[in-house]
Each structure stands twice: as structure tokens, then as C-alpha cells.
file query03.txt (compact mmCIF, C-alpha atoms)
# COMPACT_ATOMS: atom_id res chain seq x y z
CA MET A 107 -12.64 -20.87 -0.29
CA ARG A 108 -11.67 -23.87 -2.41
CA ARG A 109 -8.03 -23.51 -1.31
CA LEU A 110 -9.05 -23.39 2.32
CA ALA A 111 -11.06 -26.59 1.87
CA GLU A 112 -8.02 -28.28 0.31
CA ALA A 113 -5.85 -27.13 3.23
CA LEU A 114 -8.36 -28.51 5.70
CA PHE A 115 -8.33 -31.86 3.90
CA ARG A 116 -4.51 -32.01 3.87
CA CYS A 117 -4.43 -31.53 7.65
CA CYS A 118 -7.14 -34.07 8.45
CA SER A 119 -4.66 -36.53 9.92
CA VAL A 120 -3.74 -33.98 12.59
CA SER A 121 -7.35 -33.25 13.46
CA HIS A 122 -8.93 -36.74 13.51
CA LEU A 123 -8.95 -36.95 17.28
CA VAL A 124 -10.41 -33.48 17.67
CA LEU A 125 -13.10 -34.12 15.06
CA ALA A 126 -14.12 -37.27 16.91
CA ALA A 127 -14.39 -35.31 20.14
CA LEU A 128 -16.49 -32.63 18.46
CA LEU A 129 -18.87 -35.20 17.00
CA PHE A 130 -19.15 -36.91 20.38
CA PHE A 131 -20.36 -33.69 21.98
CA LEU A 132 -22.37 -32.32 19.08
CA LEU A 133 -24.56 -35.33 18.39
CA PRO A 134 -26.18 -35.80 21.81
CA ALA A 135 -26.10 -32.13 22.89
CA PRO A 136 -29.37 -31.56 24.76
CA HIS A 137 -27.85 -28.71 26.79
CA SER A 138 -25.87 -27.08 23.99
CA GLU A 139 -26.36 -23.47 23.01
CA ALA A 140 -26.54 -22.25 19.41
CA MET A 141 -23.46 -22.97 17.31
CA ASP A 142 -21.46 -19.92 16.24
CA LEU A 143 -20.27 -20.00 12.62
CA THR A 144 -18.07 -17.23 11.20
CA ALA A 145 -16.65 -16.75 7.70
CA GLU A 146 -14.01 -14.13 6.93
CA LEU A 147 -12.54 -12.71 3.72
CA THR A 148 -9.64 -10.24 3.83
CA GLY A 149 -7.35 -8.57 1.31
CA GLY A 150 -4.30 -6.39 1.80
CA TYR A 151 -0.57 -5.79 1.41
CA ASP A 152 2.34 -7.08 3.53
CA SER A 153 5.63 -5.22 3.05
CA ASN A 154 7.72 -8.06 4.53
CA PRO A 155 6.06 -11.52 4.84
CA ALA A 156 9.33 -13.29 5.72
CA LEU A 157 10.50 -10.60 8.21
CA THR A 158 13.87 -10.23 6.50
CA ASP A 159 16.10 -7.37 5.37
CA PRO A 160 15.91 -6.56 2.50
CA SER A 161 12.20 -7.24 2.32
CA ASP A 162 10.07 -8.74 -0.44
CA GLY A 163 6.51 -7.42 -0.19
CA SER A 164 3.34 -8.95 -1.56
CA GLY A 165 -0.38 -8.44 -1.75
CA PHE A 166 -2.49 -11.17 -0.20
CA SER A 167 -5.96 -12.47 0.48
CA VAL A 168 -7.08 -14.41 3.55
CA TYR A 169 -9.93 -16.93 3.77
CA GLY A 170 -11.09 -18.00 7.20
CA LEU A 171 -13.76 -20.27 8.68
CA ARG A 172 -14.59 -20.84 12.34
CA ALA A 173 -17.16 -23.01 14.13
CA GLY A 174 -17.72 -22.70 17.87
CA GLN A 175 -20.06 -24.71 20.09
CA PRO A 176 -20.69 -23.91 23.79
CA PHE A 177 -22.27 -26.44 26.14
CA VAL A 178 -23.83 -26.08 29.57
CA LEU A 179 -22.81 -29.23 31.46
CA THR A 180 -24.10 -28.17 34.89
CA ASP A 181 -25.19 -24.90 36.48
CA GLY A 182 -21.61 -23.79 37.02
CA LEU A 183 -19.70 -25.90 34.49
CA GLY A 184 -19.37 -25.04 30.81
CA LEU A 185 -17.55 -26.47 27.83
CA ASP A 186 -16.50 -24.54 24.72
CA LEU A 187 -15.26 -26.30 21.59
CA SER A 188 -14.15 -24.66 18.36
CA MET A 189 -12.43 -25.38 15.08
CA GLU A 190 -11.03 -22.87 12.62
CA GLY A 191 -9.00 -22.71 9.45
CA ARG A 192 -7.12 -19.80 7.91
CA TYR A 193 -5.55 -19.75 4.45
CA GLN A 194 -3.31 -16.81 3.45
CA ASP A 195 -2.84 -16.56 -0.30
CA TYR A 196 0.18 -14.37 -1.10
CA TRP A 197 0.20 -13.11 -4.67
CA SER A 198 4.01 -12.86 -5.08
CA VAL A 199 5.47 -15.32 -2.54
CA GLY A 200 4.54 -18.66 -0.95
CA ASP A 201 1.22 -19.16 0.83
CA ASN A 202 0.54 -20.42 4.35
CA TYR A 203 -2.35 -21.93 6.25
CA ARG A 204 -3.24 -22.97 9.77
CA VAL A 205 -5.90 -25.39 11.01
CA GLN A 206 -6.68 -25.36 14.73
CA ALA A 207 -9.06 -26.96 17.23
CA ASP A 208 -9.60 -25.66 20.77
CA GLY A 209 -11.40 -26.73 23.91
CA ALA A 210 -11.98 -25.08 27.28
CA VAL A 211 -13.77 -26.30 30.40
CA THR A 212 -14.78 -23.42 32.67
CA TYR A 213 -16.19 -23.52 36.19
CA LYS A 214 -17.87 -20.62 37.99
CA LEU A 215 -16.87 -19.96 41.59
CA ALA A 216 -17.69 -17.21 44.09
CA GLY A 217 -20.97 -16.39 42.40
CA GLY A 218 -19.33 -16.14 39.01
CA ARG A 219 -16.61 -13.71 40.10
CA PHE A 220 -13.83 -16.28 39.78
CA LEU A 221 -13.62 -18.34 36.58
CA PRO A 222 -10.93 -21.05 36.39
CA ALA A 223 -10.60 -23.02 33.15
CA LEU A 224 -8.72 -25.97 31.64
CA LEU A 225 -7.48 -25.37 28.10
CA GLY A 226 -6.48 -27.60 25.20
CA GLU A 227 -5.47 -27.02 21.59
CA VAL A 228 -4.09 -28.88 18.57
CA ALA A 229 -2.97 -27.16 15.37
CA ALA A 230 -1.17 -27.67 12.07
CA TYR A 231 0.72 -24.87 10.31
CA ARG A 232 2.15 -25.07 6.78
CA ASP A 233 4.19 -22.35 5.05
CA ALA A 234 5.39 -22.46 1.44
CA LEU A 235 7.46 -19.29 1.94
CA ILE A 236 9.49 -20.48 4.96
CA GLU A 237 9.30 -24.26 5.10
CA ALA A 238 11.41 -24.31 8.27
CA ASP A 239 8.36 -22.91 10.11
CA GLU A 240 6.05 -25.80 9.19
CA ARG A 241 4.94 -27.62 12.32
CA ASN A 242 2.25 -29.39 14.31
CA GLU A 243 1.34 -28.10 17.76
CA ALA A 244 -0.41 -29.28 20.91
CA MET A 245 -1.11 -27.18 23.99
CA VAL A 246 -2.54 -27.73 27.47
CA GLY A 247 -2.98 -25.03 30.05
CA ILE A 248 -4.97 -23.35 32.77
CA ARG A 249 -6.59 -19.94 32.86
CA ALA A 250 -8.27 -18.00 35.65
CA ASP A 251 -10.20 -14.72 35.51
CA TRP A 252 -11.00 -12.84 38.69
CA ILE A 253 -13.62 -10.09 38.52
CA ILE A 254 -12.22 -7.73 41.14
CA SER A 255 -14.86 -5.04 40.68
CA SER A 256 -17.21 -3.65 38.07
CA ARG A 257 -14.20 -1.91 36.51
CA LEU A 258 -11.33 -4.37 36.98
CA THR A 259 -10.76 -7.99 35.90
CA LEU A 260 -7.47 -9.78 36.48
CA GLY A 261 -6.49 -12.69 34.25
CA PHE A 262 -3.80 -15.37 34.59
CA GLU A 263 -2.77 -18.09 32.14
CA GLU A 264 -0.17 -20.85 32.27
CA SER A 265 0.36 -23.06 29.22
CA PHE A 266 2.66 -25.77 27.95
CA ARG A 267 3.00 -26.00 24.17
CA TRP A 268 4.66 -28.75 22.14
CA LEU A 269 5.94 -27.70 18.70
CA SER A 270 6.92 -30.52 16.36
CA TYR A 271 8.57 -29.13 13.21
CA SER A 272 8.29 -30.98 9.92
CA ASN A 273 11.45 -30.20 7.95
CA TRP A 274 15.22 -30.25 8.21
CA ALA A 275 16.50 -26.69 8.46
CA LEU A 276 19.42 -24.41 9.14
CA PRO A 277 19.48 -22.96 12.68
CA PHE A 278 17.42 -19.79 13.13
CA SER A 279 15.55 -20.30 9.86
CA GLY A 280 12.13 -19.06 10.97
CA LYS A 281 10.43 -15.76 10.37
CA GLY A 282 12.39 -12.80 11.67
CA GLN A 283 15.66 -14.75 11.76
CA GLY A 284 17.22 -13.35 8.61
CA ARG A 285 17.23 -16.68 6.81
CA LYS A 286 14.56 -18.75 5.13
CA GLU A 287 14.77 -22.33 3.94
CA THR A 288 14.57 -22.81 0.18
CA LYS A 289 13.66 -25.81 -1.97
CA ASP A 290 17.30 -26.80 -2.47
CA GLY A 291 17.92 -26.93 1.28
CA LYS A 292 20.08 -23.80 1.37
CA GLY A 293 19.51 -20.64 3.33
CA GLY A 294 18.04 -17.69 1.53
CA GLY A 295 16.67 -14.26 2.26
CA GLY A 296 18.26 -11.29 3.93
CA HIS A 297 22.06 -11.05 3.78
CA SER A 298 22.65 -14.52 5.21
CA GLU A 299 24.34 -15.96 2.10
CA GLY A 300 26.79 -13.07 2.00
CA PHE A 301 27.46 -13.38 5.71
CA LEU A 302 28.11 -17.09 5.33
CA SER A 303 30.44 -16.70 2.35
CA GLU A 304 34.06 -17.86 2.49
CA ALA A 305 35.30 -14.28 2.81
CA GLY A 306 32.85 -13.73 5.64
CA TRP A 307 34.21 -16.66 7.64
CA LYS A 308 37.73 -15.24 7.81
CA ALA A 309 36.46 -12.13 9.53
CA SER A 310 33.59 -13.79 11.33
CA PRO A 311 33.16 -14.25 15.09
CA TRP A 312 33.69 -18.01 14.71
CA GLY A 313 37.38 -17.41 13.93
CA LEU A 314 39.96 -19.21 11.81
CA ASP A 315 38.81 -22.72 12.69
CA ALA A 316 35.53 -22.10 10.93
CA ALA A 317 37.31 -20.71 7.88
CA GLU A 318 39.70 -23.66 7.68
CA ASN A 319 36.97 -26.26 8.12
CA GLY A 320 34.58 -24.47 5.76
CA LYS A 321 31.72 -24.92 8.21
CA SER A 322 29.99 -23.09 11.02
CA PRO A 323 27.10 -23.97 13.33
CA LEU A 324 24.84 -21.97 10.99
CA SER A 325 25.81 -23.72 7.73
CA THR A 326 24.60 -27.24 8.60
CA LEU A 327 21.09 -28.61 8.20
CA TYR A 328 19.67 -30.12 11.40
CA PRO A 329 16.83 -32.63 11.84
CA PRO A 330 13.32 -31.29 12.45
CA ARG A 331 13.20 -29.52 15.82
CA ASP A 332 11.15 -30.76 18.72
CA ASN A 333 10.46 -27.81 21.01
CA ARG A 334 8.70 -27.22 24.33
CA LEU A 335 7.39 -23.77 25.28
CA LEU A 336 6.27 -22.92 28.82
CA SER A 337 4.41 -19.59 28.99
CA THR A 338 3.01 -17.51 31.85
CA GLY A 339 0.79 -14.49 31.24
CA LEU A 340 -0.98 -11.81 33.28
CA ASN A 341 -3.46 -9.23 32.08
CA LEU A 342 -5.58 -6.56 33.72
CA ASP A 343 -8.77 -5.40 31.99
CA ILE A 344 -9.87 -1.90 32.94
CA PHE A 345 -13.42 -0.80 32.14
CA ILE A 346 -12.82 2.94 32.03
CA LEU A 347 -16.19 3.99 30.58
CA SER A 348 -19.14 2.15 29.14
CA SER A 349 -17.66 2.73 25.69
CA LEU A 350 -13.93 2.57 26.54
CA ASN A 351 -11.99 -0.44 27.81
CA GLY A 352 -8.27 -0.89 28.34
CA ARG A 353 -5.92 -3.79 28.92
CA VAL A 354 -2.34 -4.06 30.11
CA PHE A 355 -0.55 -7.38 29.82
CA ALA A 356 2.77 -9.06 30.44
CA ALA A 357 4.08 -12.55 29.69
CA TYR A 358 7.14 -14.73 30.16
CA GLY A 359 8.10 -17.67 27.97
CA ASP A 360 10.84 -20.30 28.19
CA LEU A 361 11.45 -22.41 25.10
CA VAL A 362 13.57 -25.56 25.27
CA SER A 363 14.56 -26.69 21.79
CA SER A 364 16.03 -29.99 20.62
CA LEU A 365 18.58 -27.73 18.91
CA ASP A 366 20.10 -26.12 22.03
CA MET A 367 21.26 -22.93 20.36
CA GLU A 368 17.63 -22.06 19.50
CA SER A 369 16.44 -22.23 23.12
CA TYR A 370 15.45 -18.88 24.56
CA ARG A 371 13.70 -16.90 27.25
CA GLU A 372 11.26 -14.20 26.22
CA ILE A 373 9.43 -11.40 28.01
CA GLN A 374 6.54 -9.40 26.62
CA ALA A 375 4.66 -6.30 27.73
CA GLY A 376 1.93 -4.28 26.09
CA ALA A 377 -1.31 -2.38 26.29
CA ALA A 378 -4.55 -2.22 24.30
CA LEU A 379 -7.58 0.05 24.06
CA SER A 380 -11.08 -0.70 22.77
CA TRP A 381 -13.47 2.18 22.03
CA ALA A 382 -17.06 1.91 20.84
CA PRO A 383 -18.13 5.47 19.88
CA ALA A 384 -21.51 4.09 18.74
CA SER A 385 -23.23 0.73 18.80
CA GLU A 386 -22.23 0.06 15.17
CA TRP A 387 -18.59 1.08 15.48
CA LEU A 388 -15.55 -0.34 17.27
CA VAL A 389 -11.98 0.98 17.31
CA GLU A 390 -9.19 -1.19 18.75
CA ALA A 391 -5.50 -0.33 19.15
CA GLU A 392 -2.60 -2.28 20.64
CA ALA A 393 1.13 -1.83 21.20
CA ALA A 394 3.58 -4.47 22.46
CA TRP A 395 7.27 -5.12 23.07
CA PHE A 396 9.12 -8.45 23.10
CA ARG A 397 12.65 -9.27 24.20
CA THR A 398 14.16 -12.65 23.32
CA ASP A 399 17.31 -13.92 25.03
CA TYR A 400 18.99 -16.93 23.43
CA HIS A 401 20.48 -18.25 26.65
CA ARG A 402 21.94 -21.50 25.25
CA VAL A 403 23.93 -20.03 22.37
CA PRO A 404 27.53 -21.38 22.29
CA GLU A 405 30.07 -18.98 23.76
CA ASN A 406 31.76 -18.41 20.40
CA MET A 407 28.45 -17.08 19.03
CA ILE A 408 27.40 -14.85 21.92
CA ARG A 409 28.70 -11.73 20.23
CA VAL A 410 26.41 -12.11 17.24
CA ARG A 411 23.29 -13.64 18.78
CA GLN A 412 22.21 -12.95 22.29
CA THR A 413 19.22 -10.62 22.62
CA ASN A 414 16.60 -9.57 20.06
CA ASP A 415 13.97 -6.87 20.59
CA VAL A 416 10.69 -6.52 18.69
CA TRP A 417 8.21 -3.64 18.84
CA SER A 418 4.74 -3.81 17.30
CA ALA A 419 1.65 -1.61 17.05
CA GLY A 420 -1.68 -1.92 15.29
CA ILE A 421 -5.14 -0.46 14.92
CA GLN A 422 -8.45 -1.83 13.64
CA VAL A 423 -11.69 -0.01 12.84
CA SER A 424 -14.87 -2.08 12.48
CA ARG A 425 -18.38 -1.22 11.28
CA PHE A 426 -21.23 -3.63 12.05
CA TRP A 427 -24.47 -4.26 10.18
CA GLY A 428 -26.25 -6.93 12.16
CA THR A 429 -24.18 -10.11 11.73
CA PHE A 430 -21.89 -8.50 9.14
CA GLU A 431 -18.63 -6.79 10.11
CA VAL A 432 -16.53 -4.68 7.74
CA PHE A 433 -13.09 -3.81 9.09
CA GLY A 434 -9.82 -2.16 8.20
CA GLN A 435 -6.46 -2.84 9.89
CA ALA A 436 -3.00 -1.34 9.88
CA GLY A 437 -0.06 -2.95 11.68
CA TRP A 438 3.64 -2.23 12.11
CA LYS A 439 6.47 -4.38 13.47
CA SER A 440 10.18 -3.70 13.92
CA GLY A 441 12.89 -6.14 14.99
CA ASP A 442 16.29 -5.11 16.30
CA ALA A 443 19.02 -7.79 16.47
CA PRO A 444 22.83 -7.84 16.89
CA LEU A 445 23.12 -9.15 13.31
CA ASP A 446 22.12 -6.41 10.87
CA TYR A 447 20.50 -8.82 8.43
CA GLU A 448 18.19 -10.06 11.20
CA SER A 449 16.81 -6.58 11.85
CA TYR A 450 13.67 -5.79 9.88
CA THR A 451 10.52 -3.70 9.59
CA GLN A 452 7.10 -4.80 8.45
CA THR A 453 3.92 -2.91 7.59
CA VAL A 454 0.63 -4.69 6.94
CA ILE A 455 -2.50 -2.94 5.65
CA GLN A 456 -5.68 -4.92 5.07
CA CYS A 457 -9.45 -4.69 4.97
CA GLY A 458 -12.13 -7.32 4.93
CA LEU A 459 -15.48 -8.55 6.08
CA SER A 460 -16.78 -11.30 8.32
CA TYR A 461 -20.23 -12.86 8.60
CA SER A 462 -21.55 -14.71 11.64
CA PHE A 463 -24.46 -17.11 11.25

call {"tool": "encode", "arguments": {"input": "query03.txt", "output": "C-alpha cells"}}
result
Amino acid sequence: MRRLAEALFRCCSVSHLVLAALLFFLLPAPHSEAMDLTAELTGGYDSNPALTDPSDGSGFSVYGLRAGQPFVLTDGLGLDLSMEGRYQDYWSVGDNYRVQADGAVTYKLAGGRFLPALLGEVAAYRDALIEADERNEAMVGIRADWIISSRLTLGFEESFRWLSYSNWALPFSGKGQGRKETKDGKGGGGHSEGFLSEAGWKASPWGLDAAENGKSPLSTLYPPRDNRLLSTGLNLDIFILSSLNGRVFAAYGDLVSSLDMESYREIQAGAALSWAPASEWLVEAEAAWFRTDYHRVPENMIRVRQTNDVWSAGIQVSRFWGTFEVFGQAGWKSGDAPLDYESYTQTVIQCGLSYSF
């Protein structure tokens, strides 16, 4: 918990504005409901934290804190504010943490059957394993839930997210890209160094010019990226039985990067099930598929980087004792890319407990 507190302090400059807003609403809150506080402690093993091939696995522990405060502004208007921090302590590789603040204003229409909302979020993410992923984020969006019947609820969300990265990096240096940024500013992880060797250039898709010049688009550090992500999502919740709920979802994203070759379009589809066999037990399972199309890649790189596919699946079993929750999770992810060293598999197994107060 001490490390989480230090991470929160290091990110205070990102969260000053949000903290001020929280204090503004918390101090005079005559119509506020009870604050929700949750602490979480998790331990487990990640077979591939960097999403590279070959992988470098590590055990880990996670420390999390969340504070949420709902407000009733009028009969049909509500405000929800929250702050949370999550510190992931890897035992064999670099750690990461994320600090985030969220707000949502919701209005009830049609007798509460239609619920539009305005959304906002700011966050800071730091990663000692892949420094190219370190960034600050801000998001605004809208969400609407329509209760069609007692068994069906349709949801829609549109969001615009700004991602401001902190460090100079090689192109495609994030998780799942086959290359991670190291302290000396060179690419590491996967087979990227071998692929970018002098012998590799002579047979590479960039041709003789790259070999003669000793450079390629992937061997040069670029300034910190400044990205914009527009996302659209749909989901349908199906209340099959009193103890069994399902969800199907789909999403589309369009990222415009300051480094053109990293711009992409992405589609996602998936399904989830939630089963409560007894009041103290909950079983949740989810499977999803992503396809990423790098539509602004230069023509001389199309053959090696165009479309990536990712499949994922996971399950969680929870047991509740009042405000305590003990849970176990297992997750699997597989990425398939034109470049062999960018394909990967990951398995994460963890268990933990959370306490709400």
C-alpha cells in the first residue's frame, strides 16, 4: 500500500483539477449518498507482461484503492464522481501504475427507461517495463442506456480520448508490438533486434535503400506521440434468468496518431455471461476478438504490417462474505500479426480479495 501511495503522490500534478472538483462537491453535499470505498489486494502470475515473443513471465501483486461518491442533484439528475489508483508490482520485471478520476452526469427520461449520460475522465499511466507506453489521458463522451423490456437493455457509448505519451520511442513500441523501449533508448524484446540487424535489412521488405542508408522507419526514435482515439460502442444486456445474465457487445475505434504509421482502425466483438448460483457466489466469463488495421502505414511497409488480430477469454469466480469478496481469475490472450515476433500468447492467473466500506 505504501507503493500505491507513492504512485498517487507522483501523479498529483495530473489530478489537481479533479481533486479540486471532488472537494467542491464533497464539502457541501447535502443531497449526497454514502461514499463507496473499496480496497483490493491481488497476487498472481503473468506469463507475458510485455506481450512479446519469446515471453518473460513474472509473478505479481496488485494494490488498488477506489473512492466513489454519488449525488442526487434533482429528482431525475444524478452525478457520480470517483477516483482510483492501481499499482502492479511485478517481481521479475518493471512495475506499472495507473491513477484515474471519473465523472458522469446522468438524467432519467421516460420514467427511468432511458438514461443518457455525459462522461469525463482523466488518468495517468506509468510503466517501468515498457516506457513507451507511459502517458496521460483525458476523455469526454456520451452514454445512453435504453431499458427495452424487463429482459433487454440496449447501451450506446461514444467517446473521444486524448493520449499524450511521455517518452521518445521507436514506432510500434507498446505492448503487443514486439518491441519495448529500454533505458538506453534502443528497442528490446521479442526478435526485433535480430529483425533490424544489418543482415536483416538486405532481405527486408524495405529493400536495398534501407540497407545502404543503414536506417529504416522502425530504427529511429520519434518524439512523444500525441494521439486521438474516437470510439463507438454498442452492447445488449440480456437477463435470461434471475441468476443468469448475458451481454453481447461490439465497438469501433479510429486512432489518429501524430506518428502517421501508428494510426489505425479497430473493430471489436465479444460476449459475456454472469451467473449467480447462490447469493454468495458469482461466476463471470467473457470472450472477445479485436482486429486492428494500420491504415496509414507507408506502402513499402504494407507487407509486414497491415492487420493484427487478438483473441482473449477469461473467467472469474467470486465468493462474498458481507462486504468482503474473495475471487480467482484466469485469462488468456493471443495475438496474430504478419510479423512473427509480434505474435504472442499470454496467460494470467490471479486471486485476491476486496473490501468495501

call {"tool": "atom_distance", "arguments": {"input": "query03.txt", "atom1": "atom CA of Ala230 of chain A", "atom2": "atom CA of Phe266 of chain A"}}
result
16.4 Å

call {"tool": "closest_residue", "arguments": {"input": "query03.txt", "among": "A:Phe177, A:Phe220, A:Phe463, A:Tyr196", "to": "Phe262 of chain A", "atoms": "all atoms listed in the file"}}
result
A:Phe220

call {"tool": "closest_residue", "arguments": {"input": "query03.txt", "among": "A:Phe426, A:Met367, A:Leu342, A:Arg402", "to": "Leu379 of chain A", "atoms": "only C-alpha atoms"}}
result
A:Leu342

call {"tool": "atom_distance", "arguments": {"input": "query03.txt", "atom1": "atom CA of Lys214 of chain A", "atom2": "atom CA of Tyr358 of chain A"}}
result
26.9 Å

call {"tool": "closest_residue", "arguments": {"input": "query03.txt", "among": "A:Thr144, A:Pro222, A:Gly165, A:Tyr213", "to": "Val178 of chain A", "atoms": "only C-alpha atoms"}}
result
A:Tyr213

call {"tool": "closest_residue", "arguments": {"input": "query03.txt", "among": "A:Ala394, A:Leu327, A:Ala207, A:Leu459", "to": "Asn242 of chain A", "atoms": "only C-alpha atoms"}}
result
A:Ala207

call {"tool": "residues_around", "arguments": {"input": "query03.txt", "residues": "Gly437 of chain A", "least_positions_apart": "2", "cutoff": "7 Å", "atoms": "all atoms listed in the file", "output": "count of residues only"}}
result
8

call {"tool": "closest_residue", "arguments": {"input": "query03.txt", "among": "A:Thr451, A:Ser255, A:Gln206, A:Ser418", "to": "Gly170 of chain A", "atoms": "all atoms listed in the file"}}
result
A:Gln206

call {"tool": "atom_distance", "arguments": {"input": "query03.txt", "atom1": "atom CA of Asn351 of chain A", "atom2": "atom CA of Ile373 of chain A"}}
result
24.1 Å

call {"tool": "residues_around", "arguments": {"input": "query03.txt", "residues": "segment 184-190 of chain A", "least_positions_apart": "5", "cutoff": "7 Å", "atoms": "only C-alpha atoms", "output": "mmCIF file with C-alpha atoms, in the coordinates of the input"}}
result
data_model
loop_
_atom_site.group_PDB
_atom_site.id
_atom_site.type_symbol
_atom_site.label_atom_id
_atom_site.label_comp_id
_atom_site.auth_asym_id
_atom_site.auth_seq_id
_atom_site.Cartn_x
_atom_site.Cartn_y
_atom_site.Cartn_z
ATOM 1 C CA LEU A 171 -13.760 -20.270 8.680
ATOM 2 C CA ARG A 172 -14.590 -20.840 12.340
ATOM 3 C CA ALA A 173 -17.160 -23.010 14.130
ATOM 4 C CA GLY A 174 -17.720 -22.700 17.870
ATOM 5 C CA GLN A 175 -20.060 -24.710 20.090
ATOM 6 C CA PRO A 176 -20.690 -23.910 23.790
ATOM 7 C CA PHE A 177 -22.270 -26.440 26.140
ATOM 8 C CA VAL A 178 -23.830 -26.080 29.570
ATOM 9 C CA LEU A 179 -22.810 -29.230 31.460
ATOM 10 C CA VAL A 205 -5.900 -25.390 11.010
ATOM 11 C CA GLN A 206 -6.680 -25.360 14.730
ATOM 12 C CA ALA A 207 -9.060 -26.960 17.230
ATOM 13 C CA ASP A 208 -9.600 -25.660 20.770
ATOM 14 C CA GLY A 209 -11.400 -26.730 23.910
ATOM 15 C CA ALA A 210 -11.980 -25.080 27.280
ATOM 16 C CA VAL A 211 -13.770 -26.300 30.400
ATOM 17 C CA THR A 212 -14.780 -23.420 32.670
ATOM 18 C CA TYR A 213 -16.190 -23.520 36.190
#
